[in-house]
Each structure stands twice: as C-alpha cells, then as structure tokens.
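Student: My structure file input15.cif, mmCIF, C-alpha atoms; chains and numbers go by the auth columns, is below:
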```cif
data_protein
#
loop_
_atom_site.group_PDB
_atom_site.id
_atom_site.type_symbol
_atom_site.label_atom_id
_atom_site.label_comp_id
_atom_site.label_asym_id
_atom_site.label_seq_id
_atom_site.Cartn_x
_atom_site.Cartn_y
_atom_site.Cartn_z
_atom_site.B_iso_or_equiv
_atom_site.auth_seq_id
_atom_site.auth_asym_id
ATOM 1 C CA MET A 1 -5.133 55.729 -38.336 0.00 1 A
ATOM 2 C CA PRO A 2 -2.938 58.741 -37.510 0.00 2 A
ATOM 3 C CA THR A 3 -1.095 60.458 -40.309 0.00 3 A
ATOM 4 C CA ASP A 4 2.691 60.662 -40.272 0.00 4 A
ATOM 5 C CA GLU A 5 2.438 64.284 -39.195 0.00 5 A
ATOM 6 C CA ALA A 6 0.122 63.409 -36.297 0.00 6 A
ATOM 7 C CA ALA A 7 2.423 60.571 -35.228 0.00 7 A
ATOM 8 C CA ASN A 8 5.395 62.957 -35.270 0.00 8 A
ATOM 9 C CA ASP A 9 3.425 65.443 -33.167 0.00 9 A
ATOM 10 C CA MET A 10 2.670 62.737 -30.601 0.00 10 A
ATOM 11 C CA ARG A 11 6.323 61.716 -30.416 0.00 11 A
ATOM 12 C CA SER A 12 7.271 65.371 -29.920 0.00 12 A
ATOM 13 C CA ILE A 13 4.781 65.634 -27.073 0.00 13 A
ATOM 14 C CA ASP A 14 6.092 62.425 -25.491 0.00 14 A
ATOM 15 C CA ARG A 15 9.658 63.772 -25.686 0.00 15 A
ATOM 16 C CA GLU A 16 8.624 67.130 -24.201 0.00 16 A
ATOM 17 C CA ILE A 17 6.789 65.512 -21.290 0.00 17 A
ATOM 18 C CA GLY A 18 9.779 63.229 -20.704 0.00 18 A
ATOM 19 C CA ALA A 19 12.186 66.165 -20.737 0.00 19 A
ATOM 20 C CA ARG A 20 10.056 68.032 -18.220 0.00 20 A
ATOM 21 C CA LEU A 21 9.825 64.957 -16.023 0.00 21 A
ATOM 22 C CA ARG A 22 13.605 64.559 -16.081 0.00 22 A
ATOM 23 C CA SER A 23 14.226 68.248 -15.413 0.00 23 A
ATOM 24 C CA THR A 24 11.866 68.320 -12.446 0.00 24 A
ATOM 25 C CA ARG A 25 13.332 65.115 -11.022 0.00 25 A
ATOM 26 C CA GLN A 26 16.836 66.552 -11.292 0.00 26 A
ATOM 27 C CA VAL A 27 15.846 69.865 -9.671 0.00 27 A
ATOM 28 C CA LEU A 28 14.419 67.875 -6.777 0.00 28 A
ATOM 29 C CA GLY A 29 17.683 65.921 -6.542 0.00 29 A
ATOM 30 C CA ILE A 30 16.057 62.504 -6.936 0.00 30 A
ATOM 31 C CA SER A 31 17.867 59.709 -8.785 0.00 31 A
ATOM 32 C CA GLN A 32 16.061 57.696 -11.440 0.00 32 A
ATOM 33 C CA GLN A 33 16.337 54.620 -9.244 0.00 33 A
ATOM 34 C CA ILE A 34 14.722 56.261 -6.212 0.00 34 A
ATOM 35 C CA PHE A 35 12.064 57.884 -8.386 0.00 35 A
ATOM 36 C CA ALA A 36 11.238 54.531 -9.968 0.00 36 A
ATOM 37 C CA LYS A 37 10.757 52.950 -6.529 0.00 37 A
ATOM 38 C CA LYS A 38 8.535 55.821 -5.366 0.00 38 A
ATOM 39 C CA VAL A 39 6.174 55.520 -8.340 0.00 39 A
ATOM 40 C CA GLY A 40 6.318 51.716 -8.524 0.00 40 A
ATOM 41 C CA VAL A 41 7.976 51.128 -11.899 0.00 41 A
ATOM 42 C CA SER A 42 11.382 49.901 -13.035 0.00 42 A
ATOM 43 C CA LEU A 43 14.419 52.104 -13.573 0.00 43 A
ATOM 44 C CA GLN A 44 14.265 51.195 -17.253 0.00 44 A
ATOM 45 C CA GLN A 45 10.676 52.422 -17.449 0.00 45 A
ATOM 46 C CA ILE A 46 11.663 55.803 -15.980 0.00 46 A
ATOM 47 C CA GLN A 47 14.468 56.031 -18.539 0.00 47 A
ATOM 48 C CA LYS A 48 11.992 55.313 -21.346 0.00 48 A
ATOM 49 C CA TYR A 49 9.535 57.898 -20.023 0.00 49 A
ATOM 50 C CA GLU A 50 12.275 60.529 -19.826 0.00 50 A
ATOM 51 C CA LYS A 51 13.484 59.815 -23.362 0.00 51 A
ATOM 52 C CA GLY A 52 9.929 59.891 -24.719 0.00 52 A
ATOM 53 C CA ILE A 53 10.133 56.281 -25.883 0.00 53 A
ATOM 54 C CA ASN A 54 7.173 55.182 -23.744 0.00 54 A
ATOM 55 C CA ARG A 55 4.122 57.363 -23.274 0.00 55 A
ATOM 56 C CA LEU A 56 3.031 58.251 -19.757 0.00 56 A
ATOM 57 C CA SER A 57 -0.572 57.315 -19.074 0.00 57 A
ATOM 58 C CA ALA A 58 -2.911 59.784 -17.391 0.00 58 A
ATOM 59 C CA GLY A 59 -2.943 57.540 -14.329 0.00 59 A
ATOM 60 C CA MET A 60 0.850 57.531 -14.097 0.00 60 A
ATOM 61 C CA LEU A 61 0.967 61.318 -14.515 0.00 61 A
ATOM 62 C CA VAL A 62 -1.442 61.666 -11.581 0.00 62 A
ATOM 63 C CA LYS A 63 0.656 59.253 -9.514 0.00 63 A
ATOM 64 C CA ILE A 64 3.824 61.217 -10.272 0.00 64 A
ATOM 65 C CA CYS A 65 2.171 64.541 -9.398 0.00 65 A
#
```
Output the file's structure in the form of structure tokens.
Tutor:
Amino acid sequence: MPTDEAANDMRSIDREIGARLRSTRQVLGISQQIFAKKVGVSLQQIQKYEKGINRLSAGMLVKIC
C-alpha cells in the first residue's frame, strides 16, 4: 500500500502529464472535443486526463503520441 507521500507524488505526476497534454493540444490548435474523437474517448475523459483526475495508461499515451 502506497504511503501518503507516494500517493501525493503520483497525483503530482498525473497533474503534470495532464498539463503537458493540455499545453501540447492547445499549441496544435485542437479542441478537446476533436482530440477526444481522434483518440477514441469521451470529452469528459480528456478533461479528466488534463486535470490529472484520471491517470493515462501506457497504451493511451502511445495512442496519443
């Protein structure tokens, strides 16, 4: 079982990855809705990824890349 410190580190990583995802998407000029369709998930899921609420799986990261 992860310690509180480890859990906080994971949340920080999730937020950082989400922030980078959002930044890159915005630089490319792609809306969340279009991005969601391109990667095959819902708009709400993209929003959760970008906020760091839901963790991106390795498979989804590869798909996005």
Student: Nearest to A:Val39: which of A:Arg11, A:Arg55, A:Lys63, A:Arg25 is it, counting all atoms listed in the file?
Tutor: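 Nearest to A:Val39: A:Lys63.
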Student: Identify which of the residues A:Cys65, A:Ile46, A:Ala58, A:Ala36 lies closest to A:Arg22, counting only C-alpha atoms when measuring atom-to-atom distances.
Tutor: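 With only C-alpha atoms as the atom set, the closest residue is A:Ile46.
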Student: If I put a ball of radius 7 Å at (5.3, 60.2, -23.8) in the file's coordinates, which residues poke into it when counting all atoms listed in the file, written as a PyMOL selection string?
Tutor: chain A and resi 11+13-15+17-18+49+52-56
Student: Got a sec to check which residues sit within 10 Å of (18.6, 56.0, -10.2), counting only C-alpha atoms, and write them as an MDAnalysis selection string?
Tutor: chainID A and resid 30:37 42:44 46:47
Student: What separation in Å, quoted to one decimal, exists between atom CA of A:Glu5 and atom CA of A:Ile64?
Tutor: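 Computing it gives 29.1 Å between the two atoms.
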Student: Quote the spacing between atom CA of A:Gly59 and atom CA of A:Ala6 in Å to one decimal place.
Tutor: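 Answer for the atom CA of A:Gly59 to atom CA of A:Ala6 separation: 22.9 Å.
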Student: Please report the interatomic distance between atom CA of A:Lys51 and atom CA of A:Ala19 in Å with one decimal.
Tutor: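 Separating atom CA of A:Lys51 from atom CA of A:Ala19 is a distance of 7.0 Å.
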Student: What are the centre and the three edge lengths of an axis-aligned box that wraps all atoms of stretch 27-44 of chain A in the file, given that 3 Å is added to every side, written as AutoDock Vina command-line options and rounded to one decimal in Å?
Tutor:
```
--center_x 12.0 --center_y 59.9 --center_z -11.3 --size_x 17.7 --size_y 26.0 --size_z 17.9
```
